[in-house]
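Asks: Have a look at this one.
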Amino acid sequence: MRDPPRRGRVDASGAILALFGAALCLLVLLPVGWLVVFAFSDRKGHPTLANFRVLFTDNSFVDPLVTALGLAVSVSVICCLVAAPMGYIVARTDMPLRRAVRLLVMASFVTPPFLGAIAWELLAAPNSGLLNQLYRGATGAGPDFALFDIYTFKGLVFVVSCYTFPYVFVLVANALERIPADLEDASSMLGGGAAWTARRVTIPLALPALLAGALVAFLQTMTLFGSPAILALPAGFHTITTKIWSLFQYPPKPELAAAASLPLLLLTVGLLRAQAKILGRRGYAVVGGKSGIVRPVPLGGWKWLALALCLAVLCLSVFLPYAALFNAAFSRIPSQPLTLATFTLSHFRFVFQELSAPRLAIRNTFYLGLSAATCGTLLALVVASLTARGEALGTRALSFLATAPIAIPGITLGVGLFLAYTRGPVVLYGTLWILLLAYVTIELPAAYQQLQAAFRGVSSELEEASRVLGASRLATLRRVTAPILGPTLMATWCFIFVAVVRELSAAVILFTSETKPLSVLIFDLNESGDLAAISVLGLTMLVLTAGILVAANRIPGFTGGVRFRRF
Amino acid sequence: MRRHRVTRRQVLQGLGAAALTLPLLGRKAWGAAPAVSKVTPGLIESAKKEGQAVWYTAVDLPVAERLGKAFEAKYPGIPVRVERSGGERIFQRISQEYGSNIHAVDVVNSSDAAHFIVWKREGMLTPYVPEDVALHYPKEQQDPDGQFASWRVWLCVIGYNTKLVKQEEAPKSFKDLLDPRWSGKIVKGHPGYSGTILTATFQIARDVGWDYFEKLSKQKVMQVQSSADPPKKLALGERAIMADGNEYNLFQLKEKGDPVEIVYPTEGTPLIVGPTGVLKAAPHPNAARLFQSYLFSSEAQKLMVDFGGLRSFHALVKDKEGRKPLKEIKLMKDDPAAVEKQAEEIKAKYTSYFKV
């Protein structure tokens, strides 16, 4: 669109653009700048290319990179195969328990991947895993026989998929819900059957979301730290993130770590450009001033099969893992099935009475979650509103800045921030602020993409109407766009909150003993093998997170009750 | 110097090593003995005003927290915040925090005695000799300048799960672990994380040879981090054998009735000494001193031994019944000065074999 002529009112959007541009520069360019400087420096600070020579010739770096790529591709393919049909079923059919399924997918999303990985250790460790014990008990197989071995590449792919598919699911389901029935009605009026309509109308309209989902899954997996650290290291292999992390063991080698993260940055920039190119060719404004109602497709007898499939997936990502954590929290030894004889409350006593760390860690995590979600959502909203409609060079740079952190593994961003804020003029290391900066920066791309996609989905005619009637861009954002986006805003807020609770990789670099979040505490406990304490903390964390999410979703104006079609 | 007086041979070895490494530890050497500090009502009062003590330690979490809680029970109003991690991780953490002028730690304990050589050299520790240390600890377990003393001692042993391995089939030596039948059944800790494992790796490589590790790395070993974890993996039944890990965790588990057993390898068992010291820049200097005094008291040492399964240098604290006394075990010799010089090389070599 083109801006309507100004009518004597000052539109502050230019200044806002500059202000947010500067803020993003600070958030993104400062740590990245330090990374680049370090990547091209030797230990004494002299410029060199030696780090990259090591990176591309030393197999101990090449192998983890290849492993990480294989992992990310496998996971994103599996996630799409699982989440797309599930998203369709939940969003567009009359399957029973749709809301419950959706809620449970959220439960697996809320589960931090590292906690899921630990739960799957309890379930499918080759010898002590509950499922393997059960299988041996049922079939009489020998003590060395293992049905599942979670400490393998396949095991890692499986576990990471379990906790990554919700990204794809949410994007696909939301997109499908936003497709108004009038487009599909048009198709059926023109003689298209249900299958034809789905193939020619519904699915193509949801494709961008699927593509975005696949990309998010790929990048999330590529930059994931916790699950590989828990499952790959015992198996004796590294992915790129755990390799980078190992470079910070004493004596730390930040130069190599910085160099190792730059290829990831380039790869991601390339992928995002490819995505923009694919999407750029088509128009996808599906929410207009005119509206239609989403109508569920009747499945008939198939709905039970659909439900069974959904429940099977949820079994793997929610029911079984939480059952294992529950078992470990109450059983004397985590690998023993819970019975009256093995029941104990001693782990709860240990965590809440003896352990000195949990209270502080829980407080840190929730302070950070609330503040990062609020700051991140506001920032993403403003940036998305500026870039979704603007074509100017400034907005494109802004868009790039807001998306760039997605390419930086949390651990590397952690190092960048560490380098940036341990020296003057602003020293933030040792405070919660540096973690807040890290979390906002890390979650900004996803938040921005969600809101940008929502903006893209909203036809500009509503905003144009507002601008034509004399409202400034900001007023339009506040009075028209934001209310339409209400549920998306709330979803974004919750998304960031959950992501902060899940985040481990940046925190593992940036924490000090006083600013340690729950995720790092759990990771610490895993390194010393305190599985029961982890289970207790993990369950507590889930309950607290769920409480916050439920409370947030009751805030009027942001609930799912406000639908686009009402406008 | 930290040499454990077990046999006459070891004393002699210890004295020899002490003579060699003394110049590293302190320029003053045995000259002026540092002042001895008693716990005074004034110290307790000042500690209470500071309100807490922060303890970075490598001792297994339940033991650390139990000691912290016992301290608080004795001195109400002074909780101990325990920051537990592997010895190597603690070393890295402190260097990272001090590098940014963050002085959060009051009292530090490591499972790698070599760290105290570095911290002392960098002037990070303050001289403080609790009365118990001066009265009841062997001289060679005290820093001559009073900056630290050997708070605990334990062994890094082989272990097995008695449900999965019969006693007569259990490995007797490090070399036995290379038998193909243990392939895929071994769990071990990591020297990049654990000071215990780093110290043990040094001693085993010196006395048995690096080729032992090279061959062990081909046994499909389950690689965990902390030396406290392999015993727990044994108790779970996840692996049948542990190639290295804490003797004290196995004592704890065994005495609770879990199916684990300790093996003192025929080549000798790595001896690990964990000193404790007070930081010069401690944010709660009085609480730090009070806690340091408490840690070396017979009361805390007894708790550490009875509940924790560790061993004590305190003359009045005896081993618990049923645990094999140190003097009946063939020990490898510890050598913090050499570990300090070779730590980086040991970690690099280890990673080249084990890949992680």
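By order of appearance in the structure tokens: chains A, B, ..., then residues from 1 within every chain, and ligands from 1 in the order shown.
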Give the alpha helix (DSSP H) residues of stretch 392-474 of chain A, as DSSP finds them on the backbone, and put them as a ChimeraX atom specification.

Replies: /A:393-403,410-421,432-457,460-468,473-474

Asks: As a PyMOL selection string, please: every residue in stretch 47-234 of chain B that DSSP puts in strand (DSSP E).

Replies: chain B and resi 53-57+80-84+107-109+125-126+129-130+148-155+158-161+186-188+222-223

Asks: May I have the residues of chain A within 6 Å of chain B, counting only C-alpha atoms, written as an mmCIF file with C-alpha atoms, in the first residue's frame?

Replies:
```cif
data_model
loop_
_atom_site.group_PDB
_atom_site.id
_atom_site.type_symbol
_atom_site.label_atom_id
_atom_site.label_comp_id
_atom_site.auth_asym_id
_atom_site.auth_seq_id
_atom_site.Cartn_x
_atom_site.Cartn_y
_atom_site.Cartn_z
ATOM 1 C CA ASN A 127 18.620 -51.147 30.745
ATOM 2 C CA SER A 128 16.836 -49.145 33.417
ATOM 3 C CA PRO A 234 26.359 -40.210 27.047
ATOM 4 C CA ALA A 235 26.273 -41.831 23.613
ATOM 5 C CA GLY A 236 29.614 -40.282 22.778
ATOM 6 C CA TYR A 250 38.236 -24.354 31.265
ATOM 7 C CA SER A 335 13.821 -46.834 37.716
ATOM 8 C CA GLU A 354 16.936 -29.406 52.170
ATOM 9 C CA LEU A 355 17.827 -27.944 48.805
ATOM 10 C CA SER A 356 18.794 -24.284 49.114
ATOM 11 C CA THR A 422 31.176 -7.873 31.164
ATOM 12 C CA GLU A 527 24.839 -33.762 35.492
ATOM 13 C CA SER A 528 25.091 -35.229 38.953
ATOM 14 C CA GLY A 529 22.366 -37.790 38.208
#
```

Asks: So what do you get for atom CA of B:Thr199 versus atom CA of B:Trp119, distance-wise?

Replies: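 Atom CA of B:Trp119 lies 17.1 Å from atom CA of B:Thr199.
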
Asks: Take atom CA of B:Val260 and atom CA of B:Pro325 and report the distance between them in Å, one decimal.

Replies: 18.6 Å

Asks: Which residue, B:Ile78, B:Met332, B:Ala348, B:Val263, has the smallest gap to B:Ser173 when you use only C-alpha atoms?

Replies: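 For B:Ser173, the nearest of the candidates is B:Val263.
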
Asks: Mind pulling up the distance from atom CA of A:Gly486 to atom CA of A:Gly410?

Replies: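 Taking atom CA of A:Gly410 and atom CA of A:Gly486, their separation equals 28.7 Å.
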
Asks: Could you list, as a list in words, every residue within 7 Å of B:Ser312, counting only C-alpha atoms and ignoring same-chain residues fewer than 4 positions away?

Replies: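 Answer for this query is Arg152, Val153, Gln301, Val305 and Val317 of chain B.
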
Asks: Filtering to N, CA and C atoms, could you give me those residues as a PDB file, in the first residue's frame?

Replies:
```pdb
ATOM      1  N   ARG B 152      38.243 -32.961  52.923  1.00  0.00           N
ATOM      2  CA  ARG B 152      37.724 -34.325  52.789  1.00  0.00           C
ATOM      3  C   ARG B 152      38.677 -35.146  51.933  1.00  0.00           C
ATOM      4  N   VAL B 153      38.580 -36.449  52.056  1.00  0.00           N
ATOM      5  CA  VAL B 153      39.377 -37.336  51.214  1.00  0.00           C
ATOM      6  C   VAL B 153      38.509 -38.542  50.862  1.00  0.00           C
ATOM      7  N   GLN B 301      32.620 -33.003  60.340  1.00  0.00           N
ATOM      8  CA  GLN B 301      33.395 -34.087  59.739  1.00  0.00           C
ATOM      9  C   GLN B 301      32.724 -35.438  59.980  1.00  0.00           C
ATOM     10  N   VAL B 305      31.321 -37.954  57.195  1.00  0.00           N
ATOM     11  CA  VAL B 305      31.751 -39.350  57.137  1.00  0.00           C
ATOM     12  C   VAL B 305      30.540 -40.281  57.239  1.00  0.00           C
ATOM     13  N   VAL B 317      37.905 -38.049  64.347  1.00  0.00           N
ATOM     14  CA  VAL B 317      36.785 -38.620  63.588  1.00  0.00           C
ATOM     15  C   VAL B 317      37.200 -39.949  62.994  1.00  0.00           C
TER      16      VAL B 317
END
```

Asks: Give me, as an MDAnalysis selection string, all polymer residues having an atom no more than 12 Å from A:Thr540, counting only C-alpha atoms and skipping those fewer than 6 positions away in the same chain.

Replies: chainID A and resid 111 115 322 325:326 329 348 351:352 358:359 362 518 522 533:534 546:547

Asks: Atoms to include: C-alpha atoms. Write the selected residues as an mmCIF file, in the first residue's frame.

Replies:
```cif
data_model
loop_
_atom_site.group_PDB
_atom_site.id
_atom_site.type_symbol
_atom_site.label_atom_id
_atom_site.label_comp_id
_atom_site.auth_asym_id
_atom_site.auth_seq_id
_atom_site.Cartn_x
_atom_site.Cartn_y
_atom_site.Cartn_z
ATOM 1 C CA THR A 111 7.434 -29.108 28.592
ATOM 2 C CA LEU A 115 12.890 -32.198 30.837
ATOM 3 C CA TYR A 322 4.874 -37.244 32.712
ATOM 4 C CA LEU A 325 8.458 -38.132 35.978
ATOM 5 C CA PHE A 326 5.593 -38.788 38.359
ATOM 6 C CA ALA A 329 9.154 -38.233 41.961
ATOM 7 C CA PHE A 348 9.819 -33.772 47.872
ATOM 8 C CA VAL A 351 13.801 -30.544 47.124
ATOM 9 C CA PHE A 352 11.663 -28.246 49.237
ATOM 10 C CA PRO A 358 14.949 -24.072 44.205
ATOM 11 C CA ARG A 359 13.210 -21.044 45.731
ATOM 12 C CA ILE A 362 11.860 -20.520 40.671
ATOM 13 C CA LEU A 518 15.195 -23.265 37.025
ATOM 14 C CA ILE A 522 17.653 -28.894 36.470
ATOM 15 C CA ALA A 533 14.940 -34.204 42.400
ATOM 16 C CA ILE A 534 14.621 -33.255 38.720
ATOM 17 C CA ALA A 546 0.218 -23.912 33.567
ATOM 18 C CA GLY A 547 -1.146 -21.648 36.299
#
```

Asks: Please list as a list of chain:residue names every residue within 6 Å of stretch 221-230 of chain A, counting only C-alpha atoms and excluding residues in the same chain fewer than 2 positions away.

Replies: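 Skipping anything fewer than 2 positions along the chain leaves A:Ala68, A:Ala72, A:Phe114, A:Ala117, A:Phe218, A:Leu219, A:Ala232, A:Leu233, A:Thr241, A:Thr242, A:Pro409, A:Ser505.
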
Asks: Could you list, as an mmCIF file with C-alpha atoms, in the first residue's frame, every residue within 10 Å of stretch 35-49 of chain A, counting only C-alpha atoms and ignoring same-chain residues fewer than 5 positions away?

Replies:
```cif
data_model
loop_
_atom_site.group_PDB
_atom_site.id
_atom_site.type_symbol
_atom_site.label_atom_id
_atom_site.label_comp_id
_atom_site.auth_asym_id
_atom_site.auth_seq_id
_atom_site.Cartn_x
_atom_site.Cartn_y
_atom_site.Cartn_z
ATOM 1 C CA LEU A 29 24.295 -6.129 16.635
ATOM 2 C CA LEU A 30 26.223 -5.648 19.851
ATOM 3 C CA VAL A 54 40.236 -25.389 12.403
ATOM 4 C CA LYS A 253 37.964 -20.838 23.724
ATOM 5 C CA PRO A 254 35.397 -18.176 22.828
ATOM 6 C CA GLU A 255 37.120 -17.427 19.489
ATOM 7 C CA LEU A 256 36.449 -20.926 18.192
ATOM 8 C CA ALA A 257 32.936 -20.899 19.566
ATOM 9 C CA ALA A 258 32.231 -17.622 17.838
ATOM 10 C CA ALA A 259 33.614 -18.962 14.577
ATOM 11 C CA ALA A 260 31.555 -22.144 14.901
ATOM 12 C CA SER A 261 28.349 -20.147 15.173
ATOM 13 C CA LEU A 262 28.840 -17.968 12.085
ATOM 14 C CA THR A 412 26.558 -18.332 21.285
ATOM 15 C CA LEU A 413 24.293 -15.389 21.899
ATOM 16 C CA VAL A 415 28.682 -15.663 24.847
ATOM 17 C CA GLY A 416 28.157 -12.571 22.710
ATOM 18 C CA LEU A 417 26.179 -10.959 25.495
ATOM 19 C CA LEU A 419 31.486 -10.432 25.992
ATOM 20 C CA ALA A 420 29.398 -7.316 25.473
#
```

Asks: Determine, counting only C-alpha atoms, which protein, DNA and RNA residues have an atom within 8 Å of an atom of stretch 75-88 of chain A; residues of the same chain fewer than 2 positions away are not included. Present the result as a PyMOL selection string.

Replies: chain A and resi 71-73+90-93+157-158+160-161+164-166+168-170+172-173+176+210+213-215+217-218+221+310

Asks: Now that the selection is made, can you save its residues with N, CA and C atoms as a compact mmCIF listing (two decimals), in the first residue's frame?

Replies:
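Full text of again_37.txt as output:
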```txt
# COMPACT_ATOMS: atom_id res chain seq x y z
N LEU A 71 20.13 -34.05 12.17
CA LEU A 71 19.12 -34.01 13.23
C LEU A 71 18.02 -33.01 12.88
N ALA A 72 18.42 -31.83 12.46
CA ALA A 72 17.44 -30.77 12.20
C ALA A 72 16.54 -31.14 11.02
N VAL A 73 17.11 -31.72 9.97
CA VAL A 73 16.29 -32.11 8.81
C VAL A 73 15.32 -33.22 9.22
N VAL A 90 -7.60 -31.00 14.21
CA VAL A 90 -8.04 -30.22 15.35
C VAL A 90 -8.73 -28.93 14.92
N ALA A 91 -8.22 -28.33 13.86
CA ALA A 91 -8.76 -27.02 13.47
C ALA A 91 -10.00 -27.14 12.61
N ARG A 92 -10.10 -28.20 11.81
CA ARG A 92 -11.13 -28.17 10.77
C ARG A 92 -12.11 -29.33 10.77
N THR A 93 -11.99 -30.26 11.71
CA THR A 93 -12.92 -31.38 11.64
C THR A 93 -13.78 -31.44 12.90
N VAL A 157 16.58 -37.90 17.76
CA VAL A 157 15.62 -37.38 16.77
C VAL A 157 14.20 -37.52 17.32
N PHE A 158 13.93 -38.68 17.87
CA PHE A 158 12.59 -38.95 18.39
C PHE A 158 12.22 -37.96 19.51
N VAL A 160 13.57 -35.08 20.36
CA VAL A 160 13.50 -33.68 19.93
C VAL A 160 12.20 -33.43 19.16
N SER A 161 11.81 -34.40 18.32
CA SER A 161 10.55 -34.26 17.57
C SER A 161 9.36 -34.12 18.52
N THR A 164 9.21 -30.59 19.56
CA THR A 164 9.31 -29.54 18.54
C THR A 164 8.04 -29.49 17.70
N PHE A 165 7.33 -30.64 17.59
CA PHE A 165 6.15 -30.63 16.70
C PHE A 165 5.10 -29.61 17.10
N PRO A 166 4.97 -29.24 18.40
CA PRO A 166 3.95 -28.24 18.73
C PRO A 166 4.14 -26.91 17.97
N VAL A 168 5.05 -26.52 14.88
CA VAL A 168 4.41 -26.68 13.57
C VAL A 168 2.90 -26.77 13.74
N PHE A 169 2.50 -27.53 14.75
CA PHE A 169 1.07 -27.72 15.00
C PHE A 169 0.37 -26.38 15.20
N VAL A 170 0.92 -25.55 16.07
CA VAL A 170 0.27 -24.28 16.40
C VAL A 170 0.17 -23.40 15.16
N VAL A 172 0.18 -24.29 11.98
CA VAL A 172 -0.75 -24.85 10.99
C VAL A 172 -2.20 -24.71 11.47
N ALA A 173 -2.42 -25.08 12.72
CA ALA A 173 -3.80 -25.03 13.22
C ALA A 173 -4.33 -23.59 13.20
N LEU A 176 -5.12 -22.58 9.62
CA LEU A 176 -6.33 -23.23 9.11
C LEU A 176 -7.58 -22.60 9.71
N LEU A 210 2.77 -24.03 7.14
CA LEU A 210 3.50 -25.29 7.25
C LEU A 210 4.97 -25.06 6.96
N GLY A 213 6.46 -23.39 9.75
CA GLY A 213 6.61 -24.36 10.83
C GLY A 213 7.83 -25.23 10.63
N ALA A 214 8.00 -25.71 9.40
CA ALA A 214 9.15 -26.56 9.11
C ALA A 214 10.44 -25.80 9.38
N LEU A 215 10.44 -24.54 8.99
CA LEU A 215 11.64 -23.73 9.18
C LEU A 215 11.92 -23.52 10.67
N ALA A 217 10.97 -25.41 13.10
CA ALA A 217 11.40 -26.70 13.67
C ALA A 217 12.87 -26.94 13.36
N PHE A 218 13.25 -26.66 12.12
CA PHE A 218 14.64 -26.86 11.70
C PHE A 218 15.58 -26.01 12.56
N THR A 221 15.74 -26.93 16.27
CA THR A 221 16.53 -28.14 16.50
C THR A 221 18.02 -27.87 16.33
N CYS A 310 -4.22 -38.88 17.26
CA CYS A 310 -3.83 -37.74 18.09
C CYS A 310 -3.39 -38.20 19.47
```
